[in-house]
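The data block below is target-v3.tsv; it holds TSV, N, CA and C atoms.
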```
chain	number	residue	atom	x	y	z
A	1100	MET	N	-52.74	-81.06	-14.44
A	1100	MET	CA	-52.23	-81.19	-13.08
A	1100	MET	C	-50.84	-81.82	-13.07
A	1101	LYS	N	-50.63	-82.75	-14.00
A	1101	LYS	CA	-49.34	-83.43	-14.07
A	1101	LYS	C	-48.22	-82.45	-14.43
A	1102	ARG	N	-48.53	-81.47	-15.29
A	1102	ARG	CA	-47.52	-80.49	-15.68
A	1102	ARG	C	-47.12	-79.62	-14.50
A	1103	ILE	N	-48.06	-79.30	-13.64
A	1103	ILE	CA	-47.76	-78.48	-12.47
A	1103	ILE	C	-46.85	-79.24	-11.51
A	1104	ILE	N	-47.14	-80.52	-11.31
A	1104	ILE	CA	-46.31	-81.34	-10.42
A	1104	ILE	C	-44.91	-81.49	-10.99
A	1105	THR	N	-44.81	-81.70	-12.30
A	1105	THR	CA	-43.50	-81.81	-12.95
A	1105	THR	C	-42.72	-80.51	-12.82
A	1106	TYR	N	-43.41	-79.39	-13.02
A	1106	TYR	CA	-42.77	-78.08	-12.88
A	1106	TYR	C	-42.26	-77.89	-11.46
A	1107	TYR	N	-43.05	-78.24	-10.47
A	1107	TYR	CA	-42.67	-78.09	-9.08
A	1107	TYR	C	-41.44	-78.96	-8.75
A	1108	LYS	N	-41.43	-80.18	-9.24
A	1108	LYS	CA	-40.29	-81.07	-8.99
A	1108	LYS	C	-39.02	-80.54	-9.62
A	1109	MET	N	-39.13	-80.06	-10.87
A	1109	MET	CA	-37.95	-79.53	-11.55
A	1109	MET	C	-37.45	-78.26	-10.87
A	1110	ALA	N	-38.37	-77.42	-10.43
A	1110	ALA	CA	-37.96	-76.20	-9.73
A	1110	ALA	C	-37.26	-76.54	-8.42
A	1111	ARG	N	-37.74	-77.53	-7.73
A	1111	ARG	CA	-37.12	-77.95	-6.47
A	1111	ARG	C	-35.71	-78.53	-6.72
A	1112	GLU	N	-35.56	-79.30	-7.80
A	1112	GLU	CA	-34.24	-79.84	-8.14
A	1112	GLU	C	-33.25	-78.72	-8.44
A	1113	GLU	N	-33.70	-77.70	-9.17
A	1113	GLU	CA	-32.82	-76.58	-9.50
A	1113	GLU	C	-32.46	-75.78	-8.24
A	1114	LEU	N	-33.41	-75.64	-7.34
A	1114	LEU	CA	-33.16	-74.90	-6.11
A	1114	LEU	C	-32.14	-75.62	-5.24
A	1115	GLU	N	-32.09	-76.93	-5.29
A	1115	GLU	CA	-31.11	-77.69	-4.52
A	1115	GLU	C	-29.69	-77.50	-5.07
A	1116	LYS	N	-29.56	-77.09	-6.33
A	1116	LYS	CA	-28.26	-76.88	-6.95
A	1116	LYS	C	-27.67	-75.51	-6.60
A	1117	VAL	N	-28.52	-74.62	-6.09
A	1117	VAL	CA	-28.07	-73.26	-5.78
A	1117	VAL	C	-27.16	-73.28	-4.57
A	1118	ILE	N	-26.07	-72.54	-4.67
A	1118	ILE	CA	-25.14	-72.40	-3.54
A	1118	ILE	C	-25.32	-70.99	-2.98
A	1119	PHE	N	-25.87	-70.91	-1.79
A	1119	PHE	CA	-26.12	-69.62	-1.17
A	1119	PHE	C	-24.84	-69.14	-0.48
A	1120	PRO	N	-24.63	-67.82	-0.44
A	1120	PRO	CA	-23.42	-67.30	0.19
A	1120	PRO	C	-23.45	-67.50	1.71
A	1121	THR	N	-22.28	-67.65	2.27
A	1121	THR	CA	-22.18	-67.81	3.72
A	1121	THR	C	-22.33	-66.45	4.39
A	1122	LYS	N	-22.44	-66.48	5.70
A	1122	LYS	CA	-22.59	-65.24	6.45
A	1122	LYS	C	-21.37	-64.34	6.27
A	1123	GLU	N	-20.20	-64.94	6.25
A	1123	GLU	CA	-18.96	-64.18	6.07
A	1123	GLU	C	-18.91	-63.53	4.68
A	1124	GLN	N	-19.33	-64.25	3.65
A	1124	GLN	CA	-19.34	-63.70	2.30
A	1124	GLN	C	-20.33	-62.54	2.18
A	1125	ARG	N	-21.49	-62.67	2.82
A	1125	ARG	CA	-22.47	-61.58	2.80
A	1125	ARG	C	-21.93	-60.35	3.50
A	1126	ARG	N	-21.28	-60.56	4.64
A	1126	ARG	CA	-20.72	-59.43	5.40
A	1126	ARG	C	-19.64	-58.73	4.58
A	1127	THR	N	-18.76	-59.51	3.95
A	1127	THR	CA	-17.68	-58.93	3.13
A	1127	THR	C	-18.25	-58.15	1.96
A	1128	ALA	N	-19.25	-58.70	1.30
A	1128	ALA	CA	-19.87	-58.01	0.16
A	1128	ALA	C	-20.55	-56.72	0.62
A	1129	PHE	N	-21.22	-56.75	1.76
A	1129	PHE	CA	-21.89	-55.57	2.29
A	1129	PHE	C	-20.89	-54.47	2.59
A	1130	ILE	N	-19.79	-54.82	3.22
A	1130	ILE	CA	-18.77	-53.82	3.56
A	1130	ILE	C	-18.15	-53.25	2.30
A	1131	SER	N	-17.90	-54.10	1.31
A	1131	SER	CA	-17.33	-53.63	0.04
A	1131	SER	C	-18.26	-52.65	-0.65
A	1132	VAL	N	-19.52	-52.98	-0.70
A	1132	VAL	CA	-20.51	-52.09	-1.33
A	1132	VAL	C	-20.60	-50.78	-0.57
A	1133	LEU	N	-20.60	-50.85	0.74
A	1133	LEU	CA	-20.68	-49.65	1.56
A	1133	LEU	C	-19.48	-48.73	1.32
A	1134	ILE	N	-18.30	-49.30	1.21
A	1134	ILE	CA	-17.09	-48.50	0.96
A	1134	ILE	C	-17.13	-47.85	-0.42
A	1135	VAL	N	-17.52	-48.62	-1.43
A	1135	VAL	CA	-17.56	-48.08	-2.79
A	1135	VAL	C	-18.61	-46.98	-2.91
A	1136	VAL	N	-19.78	-47.20	-2.35
A	1136	VAL	CA	-20.84	-46.19	-2.42
A	1136	VAL	C	-20.41	-44.92	-1.68
A	1137	SER	N	-19.77	-45.07	-0.54
A	1137	SER	CA	-19.30	-43.90	0.21
A	1137	SER	C	-18.25	-43.14	-0.58
A	1138	ALA	N	-17.32	-43.84	-1.18
A	1138	ALA	CA	-16.27	-43.19	-1.97
A	1138	ALA	C	-16.85	-42.44	-3.16
A	1139	VAL	N	-17.77	-43.05	-3.86
A	1139	VAL	CA	-18.39	-42.39	-5.02
A	1139	VAL	C	-19.19	-41.17	-4.57
A	1140	SER	N	-19.89	-41.29	-3.45
A	1140	SER	CA	-20.68	-40.16	-2.94
A	1140	SER	C	-19.79	-38.99	-2.56
A	1141	ILE	N	-18.69	-39.27	-1.89
A	1141	ILE	CA	-17.76	-38.20	-1.51
A	1141	ILE	C	-17.15	-37.55	-2.75
A	1142	PHE	N	-16.78	-38.36	-3.73
A	1142	PHE	CA	-16.22	-37.82	-4.97
A	1142	PHE	C	-17.22	-36.91	-5.67
A	1143	LEU	N	-18.46	-37.36	-5.80
A	1143	LEU	CA	-19.48	-36.55	-6.47
A	1143	LEU	C	-19.79	-35.28	-5.70
A	1144	ALA	N	-19.77	-35.35	-4.37
A	1144	ALA	CA	-20.00	-34.15	-3.55
A	1144	ALA	C	-18.88	-33.14	-3.77
A	1145	LEU	N	-17.63	-33.61	-3.83
A	1145	LEU	CA	-16.50	-32.71	-4.09
A	1145	LEU	C	-16.58	-32.07	-5.48
A	1146	VAL	N	-16.91	-32.87	-6.48
A	1146	VAL	CA	-17.05	-32.34	-7.83
A	1146	VAL	C	-18.16	-31.30	-7.88
A	1147	ASP	N	-19.28	-31.59	-7.24
A	1147	ASP	CA	-20.40	-30.65	-7.20
A	1147	ASP	C	-19.99	-29.35	-6.50
A	1148	PHE	N	-19.28	-29.47	-5.39
A	1148	PHE	CA	-18.83	-28.28	-4.66
A	1148	PHE	C	-17.89	-27.44	-5.51
A	1149	ILE	N	-16.93	-28.08	-6.16
A	1149	ILE	CA	-15.96	-27.36	-6.99
A	1149	ILE	C	-16.65	-26.67	-8.17
A	1150	LEU	N	-17.54	-27.40	-8.84
A	1150	LEU	CA	-18.23	-26.81	-9.99
A	1150	LEU	C	-19.16	-25.67	-9.58
A	1151	SER	N	-19.86	-25.84	-8.48
A	1151	SER	CA	-20.77	-24.76	-8.05
A	1151	SER	C	-19.98	-23.54	-7.59
A	1152	ALA	N	-18.84	-23.76	-6.94
A	1152	ALA	CA	-18.01	-22.63	-6.52
A	1152	ALA	C	-17.43	-21.90	-7.73
A	1153	SER	N	-17.00	-22.64	-8.73
A	1153	SER	CA	-16.43	-21.99	-9.92
A	1153	SER	C	-17.50	-21.25	-10.72
A	1154	VAL	N	-18.69	-21.80	-10.80
A	1154	VAL	CA	-19.76	-21.11	-11.53
A	1154	VAL	C	-20.19	-19.86	-10.78
A	1155	SER	N	-20.29	-19.92	-9.44
A	1155	SER	CA	-20.69	-18.72	-8.70
A	1155	SER	C	-19.62	-17.64	-8.75
A	1156	SER	N	-18.36	-18.03	-8.83
A	1156	SER	CA	-17.32	-17.00	-8.93
A	1156	SER	C	-17.33	-16.34	-10.30
A	1157	ILE	N	-17.71	-17.08	-11.32
A	1157	ILE	CA	-17.80	-16.51	-12.67
A	1157	ILE	C	-18.98	-15.56	-12.77
A	1158	LEU	N	-20.11	-15.98	-12.19
A	1158	LEU	CA	-21.30	-15.14	-12.27
A	1158	LEU	C	-21.25	-14.10	-11.20
```
Starting from the file, lay out its structure as C-alpha cells.
Amino acid sequence: MKRIITYYKMAREELEKVIFPTKEQRRTAFISVLIVVSAVSIFLALVDFILSASVSSIL
C-alpha cells in the first residue's frame, strides 16, 4: 500500500511540473495544422488528377 501512495505522490509532483498550452497557443497550432493538411491534400489531389489523366490518355 505504501508503494501505491508513493507512486501517486510522485505522479502528482510530476503533473504539477507540466506546462499546458494556453488557449491562444492551441488555436494557433490548430490553424497551422489545418493549413498544412489542406495544402498537402490539394497537392495530392492535383498529382492524382495529373497522373490519372496522363495514364488514361496513354491507354
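Put simply, atom N of Arg1126 (chain A) is 29.6 Å away from CA of Leu1145 (chain A).
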Atomic separation - CA of Leu1133 (chain A) relative to atom C of Ile1149 (chain A), Å:
25.3 Å
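Atom N of Val1135 (chain A) is positioned 28.9 Å from atom C of Ser1153 (chain A).
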Emit a file covering chain A of the preceding structure with C-alpha atoms, as a JSON list (two decimals), in the first residue's frame.
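Generated output (decode34.json):
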```
[["chain", "number", "residue", "atom", "x", "y", "z"],
["A", 1100, "MET", "CA", 0.00, 0.00, 0.00],
["A", 1101, "LYS", "CA", 2.89, 2.32, 0.77],
["A", 1102, "ARG", "CA", 4.27, 1.90, -2.77],
["A", 1103, "ILE", "CA", 0.94, 2.93, -4.27],
["A", 1104, "ILE", "CA", 0.80, 6.08, -2.14],
["A", 1105, "THR", "CA", 4.41, 6.92, -3.04],
["A", 1106, "TYR", "CA", 3.64, 6.38, -6.73],
["A", 1107, "TYR", "CA", 0.58, 8.63, -6.50],
["A", 1108, "LYS", "CA", 2.54, 11.41, -4.78],
["A", 1109, "MET", "CA", 5.36, 11.26, -7.32],
["A", 1110, "ALA", "CA", 2.90, 11.28, -10.22],
["A", 1111, "ARG", "CA", 1.16, 14.31, -8.75],
["A", 1112, "GLU", "CA", 4.50, 16.13, -8.35],
["A", 1113, "GLU", "CA", 5.38, 15.44, -11.98],
["A", 1114, "LEU", "CA", 1.95, 16.60, -13.13],
["A", 1115, "GLU", "CA", 2.48, 19.92, -11.35],
["A", 1116, "LYS", "CA", 5.64, 20.46, -13.43],
["A", 1117, "VAL", "CA", 3.74, 20.17, -16.71],
["A", 1118, "ILE", "CA", 3.11, 23.42, -18.55],
["A", 1119, "PHE", "CA", -0.12, 23.18, -20.51],
["A", 1120, "PRO", "CA", -0.56, 25.30, -23.64],
["A", 1121, "THR", "CA", -2.68, 28.41, -23.45],
["A", 1122, "LYS", "CA", -5.87, 28.88, -25.43],
["A", 1123, "GLU", "CA", -4.05, 31.10, -27.92],
["A", 1124, "GLN", "CA", -1.30, 28.51, -28.45],
["A", 1125, "ARG", "CA", -3.87, 25.77, -29.04],
["A", 1126, "ARG", "CA", -5.75, 27.93, -31.54],
["A", 1127, "THR", "CA", -2.53, 28.80, -33.41],
["A", 1128, "ALA", "CA", -1.45, 25.16, -33.55],
["A", 1129, "PHE", "CA", -4.90, 24.08, -34.77],
["A", 1130, "ILE", "CA", -4.90, 26.65, -37.57],
["A", 1131, "SER", "CA", -1.35, 25.69, -38.58],
["A", 1132, "VAL", "CA", -2.25, 22.01, -38.75],
["A", 1133, "LEU", "CA", -5.41, 22.79, -40.70],
["A", 1134, "ILE", "CA", -3.47, 24.82, -43.27],
["A", 1135, "VAL", "CA", -0.75, 22.20, -43.71],
["A", 1136, "VAL", "CA", -3.23, 19.34, -44.05],
["A", 1137, "SER", "CA", -5.28, 21.31, -46.58],
["A", 1138, "ALA", "CA", -2.20, 22.16, -48.63],
["A", 1139, "VAL", "CA", -0.98, 18.56, -48.69],
["A", 1140, "SER", "CA", -4.46, 17.31, -49.62],
["A", 1141, "ILE", "CA", -4.75, 19.77, -52.51],
["A", 1142, "PHE", "CA", -1.26, 18.85, -53.73],
["A", 1143, "LEU", "CA", -2.01, 15.11, -53.63],
["A", 1144, "ALA", "CA", -5.35, 15.65, -55.39],
["A", 1145, "LEU", "CA", -3.59, 17.57, -58.20],
["A", 1146, "VAL", "CA", -0.91, 14.91, -58.56],
["A", 1147, "ASP", "CA", -3.58, 12.20, -58.66],
["A", 1148, "PHE", "CA", -5.56, 14.12, -61.29],
["A", 1149, "ILE", "CA", -2.49, 14.70, -63.47],
["A", 1150, "LEU", "CA", -1.32, 11.09, -63.23],
["A", 1151, "SER", "CA", -4.76, 9.63, -63.91],
["A", 1152, "ALA", "CA", -5.26, 11.95, -66.88],
["A", 1153, "SER", "CA", -1.87, 11.03, -68.35],
["A", 1154, "VAL", "CA", -2.46, 7.30, -67.87],
["A", 1155, "SER", "CA", -5.94, 7.48, -69.46],
["A", 1156, "SER", "CA", -4.57, 9.39, -72.44],
["A", 1157, "ILE", "CA", -1.88, 6.75, -72.94],
["A", 1158, "LEU", "CA", -4.35, 3.88, -72.71]]
```
